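Okay, so here's the structure we're looking at.
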Amino acid sequence: KVQYGLESVLLQCDGHGETKVVHAAHGCMYRLFKILGGFTMQARQPDSWEGWYWGAKHVWGQDPVGQADMGNLLLDIAENADYLVHWGCDMETTPWGWGGQMPSRYCFWLTEIGVKQIYICPDLNYGAAVHADKWIPVLPNTDAALHLAIMYVWLTEDTWDKEYVETHTVGFEYLKKYILGEDEDKTPKTPKWAEAICGVPARTIKALARQWAKKRVSIA
């Protein structure tokens, strides 16, 4: 059903009994080396990732961390997500140095199988222009306000996943008080509050938060 190279993936679309190949430009030699018994890879130019790259490399001993091994998410998103939110990324322009055409072909395939794509970014970049079912422009460097306002809607409408927060987070009560304006800040982080900062209309923030709460959403 699914076979992974480092950057190539074979998927079967069960609904139509049709095999789909999502393939990256850099995948063939990695697959060959794995068949031959495995290999050690040293990636070029890690300087743009600095601390996390080298820290992760020494902790987990795998390279490239966060690039190749996320391939197991591709089938999971395709089978289980209703929406994929592309937050601050361009799947057509920026991945070519590492993933070749894979992100582009994958996003086209998501459209074919009915997974909706939302782009949140200041500019209507190539990825948003080609793939977005909804583009939400946000002012540069104001994403945090949008995040807080989305959480405000979830908290006040009681649509957040309490079990997940209980088992996967630390310090949530402090964040909750800050969002609701119950700490020394005394400022509820409402969609209207965020609109003045990030430029996204309050009605759009509410609609996004409500759809997000009702649907299965993954983030790129």
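So you can find residues: chains in the structure tokens are A, B, ... in the order shown, residues in each start at 1, and ligands are numbered from 1 in order.
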
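Neighbours of A:Leu180 closer than or equal to 10 Å, with only C-alpha atoms counted and sequence neighbours fewer than 6 positions away skipped, come out as Leu148, Ala149, Met151, Tyr152, Val153, Leu155, Thr156, Lys186, Thr187, Pro188, Lys189 and Thr190 of chain A.
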
Which stretch 73-184 of chain A residues have any atom within 7 Å of an atom of stretch 198-212 of chain A, and for each, what is the nearest pair of atoms with distance in Å to one decimal, counting only C-alpha atoms, rows sorted by chain and number, as CSV?
```
residue,atom,partner,partner_atom,distance
A:Pro137,CA,A:Val200,CA,6.8
A:Val138,CA,A:Cys198,CA,5.6
A:Leu139,CA,A:Cys198,CA,5.1
A:Thr142,CA,A:Cys198,CA,5.1
A:Asp143,CA,A:Cys198,CA,6.9
A:Ala145,CA,A:Cys198,CA,6.5
A:Leu146,CA,A:Cys198,CA,6.6
A:Ile150,CA,A:Ala209,CA,5.2
A:Val153,CA,A:Ala209,CA,6.4
A:Trp154,CA,A:Ala209,CA,6.8
```

Those same residues, written as a CSV table (one decimal), in the first residue's frame with all heavy atoms?
```csv
chain,number,residue,atom,x,y,z
A,137,PRO,N,-4.6,36.5,4.0
A,137,PRO,CA,-3.4,37.4,4.2
A,137,PRO,C,-3.3,37.9,5.6
A,137,PRO,O,-4.3,38.3,6.2
A,137,PRO,CB,-3.7,38.5,3.2
A,137,PRO,CG,-5.1,38.5,3.0
A,137,PRO,CD,-5.6,37.1,3.2
A,138,VAL,N,-2.1,37.9,6.1
A,138,VAL,CA,-1.8,38.3,7.5
A,138,VAL,C,-0.6,39.3,7.4
A,138,VAL,O,0.3,39.1,6.6
A,138,VAL,CB,-1.6,37.2,8.4
A,138,VAL,CG1,-0.4,36.4,8.0
A,138,VAL,CG2,-1.4,37.6,9.9
A,139,LEU,N,-0.7,40.4,8.2
A,139,LEU,CA,0.5,41.3,8.2
A,139,LEU,C,1.7,40.6,8.7
A,139,LEU,O,1.7,39.8,9.6
A,139,LEU,CB,0.1,42.5,9.1
A,139,LEU,CG,-1.0,43.4,8.6
A,139,LEU,CD1,-1.3,44.5,9.6
A,139,LEU,CD2,-0.6,44.0,7.3
A,142,THR,N,2.9,39.2,12.7
A,142,THR,CA,1.7,39.3,13.6
A,142,THR,C,1.0,38.0,13.8
A,142,THR,O,-0.1,38.0,14.3
A,142,THR,CB,0.8,40.4,13.1
A,142,THR,OG1,0.2,40.0,11.8
A,142,THR,CG2,1.4,41.7,12.9
A,143,ASP,N,1.6,36.9,13.4
A,143,ASP,CA,1.0,35.6,13.5
A,143,ASP,C,0.5,35.3,14.9
A,143,ASP,O,-0.5,34.6,15.1
A,143,ASP,CB,1.9,34.5,13.0
A,143,ASP,CG,2.3,34.8,11.5
A,143,ASP,OD1,3.2,35.6,11.3
A,143,ASP,OD2,1.8,34.1,10.7
A,145,ALA,N,-0.8,37.1,17.2
A,145,ALA,CA,-2.1,37.6,17.5
A,145,ALA,C,-3.2,36.8,16.9
A,145,ALA,O,-4.2,36.5,17.5
A,145,ALA,CB,-2.2,39.1,17.0
A,146,LEU,N,-2.9,36.3,15.7
A,146,LEU,CA,-3.9,35.4,15.0
A,146,LEU,C,-4.0,34.1,15.8
A,146,LEU,O,-5.2,33.6,16.0
A,146,LEU,CB,-3.5,35.2,13.6
A,146,LEU,CG,-4.4,34.4,12.7
A,146,LEU,CD1,-5.9,34.8,12.7
A,146,LEU,CD2,-3.9,34.3,11.3
A,150,ILE,N,-7.6,32.8,17.6
A,150,ILE,CA,-8.2,31.4,17.2
A,150,ILE,C,-8.4,30.7,18.5
A,150,ILE,O,-9.5,30.1,18.7
A,150,ILE,CB,-7.2,30.7,16.3
A,150,ILE,CG1,-7.2,31.3,14.9
A,150,ILE,CG2,-7.7,29.2,16.2
A,150,ILE,CD1,-6.2,30.8,14.0
A,153,VAL,N,-11.5,31.8,20.5
A,153,VAL,CA,-12.7,31.3,20.0
A,153,VAL,C,-12.9,29.9,20.5
A,153,VAL,O,-14.0,29.5,21.0
A,153,VAL,CB,-12.8,31.3,18.5
A,153,VAL,CG1,-14.0,30.6,18.0
A,153,VAL,CG2,-12.7,32.7,17.9
A,154,TRP,N,-11.9,29.1,20.5
A,154,TRP,CA,-12.0,27.7,21.0
A,154,TRP,C,-12.3,27.7,22.5
A,154,TRP,O,-13.2,26.9,22.9
A,154,TRP,CB,-10.7,26.9,20.7
A,154,TRP,CG,-10.4,26.7,19.3
A,154,TRP,CD1,-11.2,26.7,18.3
A,154,TRP,CD2,-9.1,26.3,18.8
A,154,TRP,NE1,-10.6,26.4,17.1
A,154,TRP,CE2,-9.3,26.2,17.4
A,154,TRP,CE3,-7.8,26.2,19.3
A,154,TRP,CZ2,-8.2,25.8,16.5
A,154,TRP,CZ3,-6.8,25.9,18.5
A,154,TRP,CH2,-7.0,25.7,17.1
```

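Relative to atom CA of A:Lys214, atom CA of A:Asn80 is found at 13.6 Å.
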
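Counting only C-alpha atoms, A:Leu73 has the following residues at most 10 Å away, ignoring those fewer than 5 positions along the same chain: Ala78, Glu79 and Ser218 of chain A.
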
Those residues you just picked out, can you put them in a file as a short mmCIF file (atom, residue, chain, number, x, y, z; two decimals), in the first residue's frame with all heavy atoms?
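Saved as again.cif:
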```cif
data_model
loop_
_atom_site.label_atom_id
_atom_site.label_comp_id
_atom_site.auth_asym_id
_atom_site.auth_seq_id
_atom_site.Cartn_x
_atom_site.Cartn_y
_atom_site.Cartn_z
N ALA A 78 -3.29 12.44 3.89
CA ALA A 78 -4.17 12.14 2.77
C ALA A 78 -5.39 11.34 3.20
O ALA A 78 -6.50 11.55 2.71
CB ALA A 78 -3.39 11.37 1.69
N GLU A 79 -5.20 10.42 4.14
CA GLU A 79 -6.30 9.55 4.55
C GLU A 79 -7.18 10.15 5.64
O GLU A 79 -8.37 9.81 5.75
CB GLU A 79 -5.75 8.21 5.04
CG GLU A 79 -5.18 7.34 3.94
CD GLU A 79 -4.80 5.96 4.43
OE1 GLU A 79 -4.48 5.80 5.63
OE2 GLU A 79 -4.79 5.03 3.61
N SER A 218 -4.46 19.42 9.67
CA SER A 218 -3.02 19.31 9.86
C SER A 218 -2.37 20.59 9.36
O SER A 218 -2.98 21.34 8.60
CB SER A 218 -2.45 18.10 9.08
OG SER A 218 -1.11 17.87 9.44
#
```

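For stretch 118-121 of chain A, the list of residues within 8 Å, based on only C-alpha atoms and with local chain neighbours fewer than 6 positions off taken out, reads Tyr83, Leu84, Val85, His86, Trp87, Gly88, Cys89, Ala128, Ala132, Asp133, Lys134, Trp135, Ile136, Pro137, Val138, Leu139 and Pro140 of chain A.
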
Please save all heavy atoms of the selected residues as a short mmCIF file (atom, residue, chain, number, x, y, z; two decimals), in the first residue's frame.
```cif
data_model
loop_
_atom_site.label_atom_id
_atom_site.label_comp_id
_atom_site.auth_asym_id
_atom_site.auth_seq_id
_atom_site.Cartn_x
_atom_site.Cartn_y
_atom_site.Cartn_z
N TYR A 83 -8.56 19.29 6.18
CA TYR A 83 -7.89 20.52 5.78
C TYR A 83 -6.39 20.40 6.03
O TYR A 83 -5.97 19.77 7.01
CB TYR A 83 -8.40 21.72 6.58
CG TYR A 83 -9.76 22.22 6.22
CD1 TYR A 83 -10.90 21.70 6.82
CD2 TYR A 83 -9.94 23.24 5.28
CE1 TYR A 83 -12.17 22.16 6.49
CE2 TYR A 83 -11.20 23.72 4.95
CZ TYR A 83 -12.31 23.17 5.57
OH TYR A 83 -13.56 23.63 5.24
N LEU A 84 -5.60 21.02 5.17
CA LEU A 84 -4.18 21.23 5.43
C LEU A 84 -3.94 22.73 5.42
O LEU A 84 -4.19 23.39 4.41
CB LEU A 84 -3.32 20.54 4.38
CG LEU A 84 -1.80 20.68 4.55
CD1 LEU A 84 -1.35 20.08 5.89
CD2 LEU A 84 -1.05 20.00 3.40
N VAL A 85 -3.51 23.26 6.56
CA VAL A 85 -3.24 24.69 6.68
C VAL A 85 -1.76 24.92 6.41
O VAL A 85 -0.90 24.42 7.14
CB VAL A 85 -3.61 25.21 8.09
CG1 VAL A 85 -3.20 26.68 8.22
CG2 VAL A 85 -5.10 25.06 8.33
N HIS A 86 -1.46 25.66 5.36
CA HIS A 86 -0.08 26.02 5.03
C HIS A 86 0.19 27.38 5.68
O HIS A 86 -0.24 28.41 5.18
CB HIS A 86 0.10 26.14 3.52
CG HIS A 86 -0.20 24.87 2.77
ND1 HIS A 86 0.76 23.94 2.48
CD2 HIS A 86 -1.36 24.38 2.26
CE1 HIS A 86 0.22 22.94 1.81
NE2 HIS A 86 -1.07 23.18 1.66
N TRP A 87 0.89 27.36 6.80
CA TRP A 87 1.09 28.60 7.56
C TRP A 87 2.49 29.14 7.28
O TRP A 87 3.48 28.61 7.74
CB TRP A 87 0.92 28.35 9.06
CG TRP A 87 0.61 29.59 9.81
CD1 TRP A 87 1.32 30.76 9.84
CD2 TRP A 87 -0.55 29.82 10.63
NE1 TRP A 87 0.69 31.69 10.62
CE2 TRP A 87 -0.46 31.15 11.13
CE3 TRP A 87 -1.64 29.05 11.00
CZ2 TRP A 87 -1.42 31.70 11.97
CZ3 TRP A 87 -2.59 29.61 11.83
CH2 TRP A 87 -2.48 30.93 12.30
N GLY A 88 2.55 30.21 6.48
CA GLY A 88 3.83 30.85 6.18
C GLY A 88 4.75 30.01 5.32
O GLY A 88 5.95 29.95 5.59
N CYS A 89 4.22 29.33 4.32
CA CYS A 89 5.08 28.54 3.44
C CYS A 89 4.59 28.62 2.00
O CYS A 89 3.45 28.99 1.74
CB CYS A 89 5.16 27.09 3.90
SG CYS A 89 3.58 26.24 3.97
N ALA A 128 0.18 29.48 -2.75
CA ALA A 128 -1.18 29.93 -2.46
C ALA A 128 -1.97 30.15 -3.74
O ALA A 128 -3.16 29.79 -3.84
CB ALA A 128 -1.14 31.21 -1.63
N ALA A 132 -4.40 27.06 -3.07
CA ALA A 132 -5.26 27.47 -1.96
C ALA A 132 -6.75 27.43 -2.32
O ALA A 132 -7.18 28.00 -3.31
CB ALA A 132 -4.89 28.88 -1.50
N ASP A 133 -7.51 26.75 -1.47
CA ASP A 133 -8.97 26.89 -1.51
C ASP A 133 -9.37 28.19 -0.81
O ASP A 133 -10.42 28.76 -1.11
CB ASP A 133 -9.63 25.69 -0.82
CG ASP A 133 -9.42 24.40 -1.60
OD1 ASP A 133 -10.12 24.20 -2.60
OD2 ASP A 133 -8.52 23.62 -1.22
N LYS A 134 -8.52 28.63 0.13
CA LYS A 134 -8.72 29.90 0.82
C LYS A 134 -7.36 30.48 1.17
O LYS A 134 -6.53 29.80 1.78
CB LYS A 134 -9.56 29.69 2.10
CG LYS A 134 -9.72 30.92 2.98
CD LYS A 134 -10.64 31.95 2.35
CE LYS A 134 -10.89 33.12 3.29
NZ LYS A 134 -11.75 34.16 2.67
N TRP A 135 -7.14 31.72 0.75
CA TRP A 135 -5.92 32.44 1.14
C TRP A 135 -6.30 33.48 2.17
O TRP A 135 -7.21 34.29 1.96
CB TRP A 135 -5.28 33.12 -0.08
CG TRP A 135 -4.18 34.09 0.27
CD1 TRP A 135 -3.12 33.87 1.09
CD2 TRP A 135 -4.06 35.45 -0.19
NE1 TRP A 135 -2.32 35.00 1.17
CE2 TRP A 135 -2.88 35.98 0.39
CE3 TRP A 135 -4.81 36.26 -1.03
CZ2 TRP A 135 -2.46 37.29 0.15
CZ3 TRP A 135 -4.39 37.56 -1.26
CH2 TRP A 135 -3.22 38.06 -0.68
N ILE A 136 -5.61 33.47 3.32
CA ILE A 136 -5.85 34.44 4.39
C ILE A 136 -4.59 35.29 4.53
O ILE A 136 -3.59 34.85 5.11
CB ILE A 136 -6.19 33.74 5.71
CG1 ILE A 136 -7.45 32.89 5.55
CG2 ILE A 136 -6.37 34.77 6.83
CD1 ILE A 136 -7.80 32.08 6.78
N PRO A 137 -4.59 36.51 4.01
CA PRO A 137 -3.41 37.38 4.17
C PRO A 137 -3.30 37.89 5.59
O PRO A 137 -4.31 38.27 6.20
CB PRO A 137 -3.67 38.51 3.17
CG PRO A 137 -5.15 38.53 2.98
CD PRO A 137 -5.64 37.13 3.18
N VAL A 138 -2.09 37.88 6.12
CA VAL A 138 -1.83 38.35 7.48
C VAL A 138 -0.64 39.29 7.42
O VAL A 138 0.29 39.09 6.64
CB VAL A 138 -1.55 37.16 8.42
CG1 VAL A 138 -0.36 36.35 7.95
CG2 VAL A 138 -1.37 37.60 9.86
N LEU A 139 -0.67 40.35 8.22
CA LEU A 139 0.46 41.29 8.22
C LEU A 139 1.72 40.59 8.73
O LEU A 139 1.66 39.76 9.64
CB LEU A 139 0.13 42.49 9.11
CG LEU A 139 -1.00 43.40 8.60
CD1 LEU A 139 -1.33 44.47 9.63
CD2 LEU A 139 -0.62 44.05 7.27
N PRO A 140 2.88 40.91 8.16
CA PRO A 140 4.12 40.24 8.58
C PRO A 140 4.37 40.38 10.08
O PRO A 140 4.13 41.43 10.67
CB PRO A 140 5.20 40.98 7.77
CG PRO A 140 4.48 41.50 6.56
CD PRO A 140 3.12 41.87 7.04
#
```

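Among A:Val115, A:Met29, A:Val165, A:Ile179, the residue with the shortest atom-to-atom distance to A:Ile77, counting only C-alpha atoms, is A:Val115.
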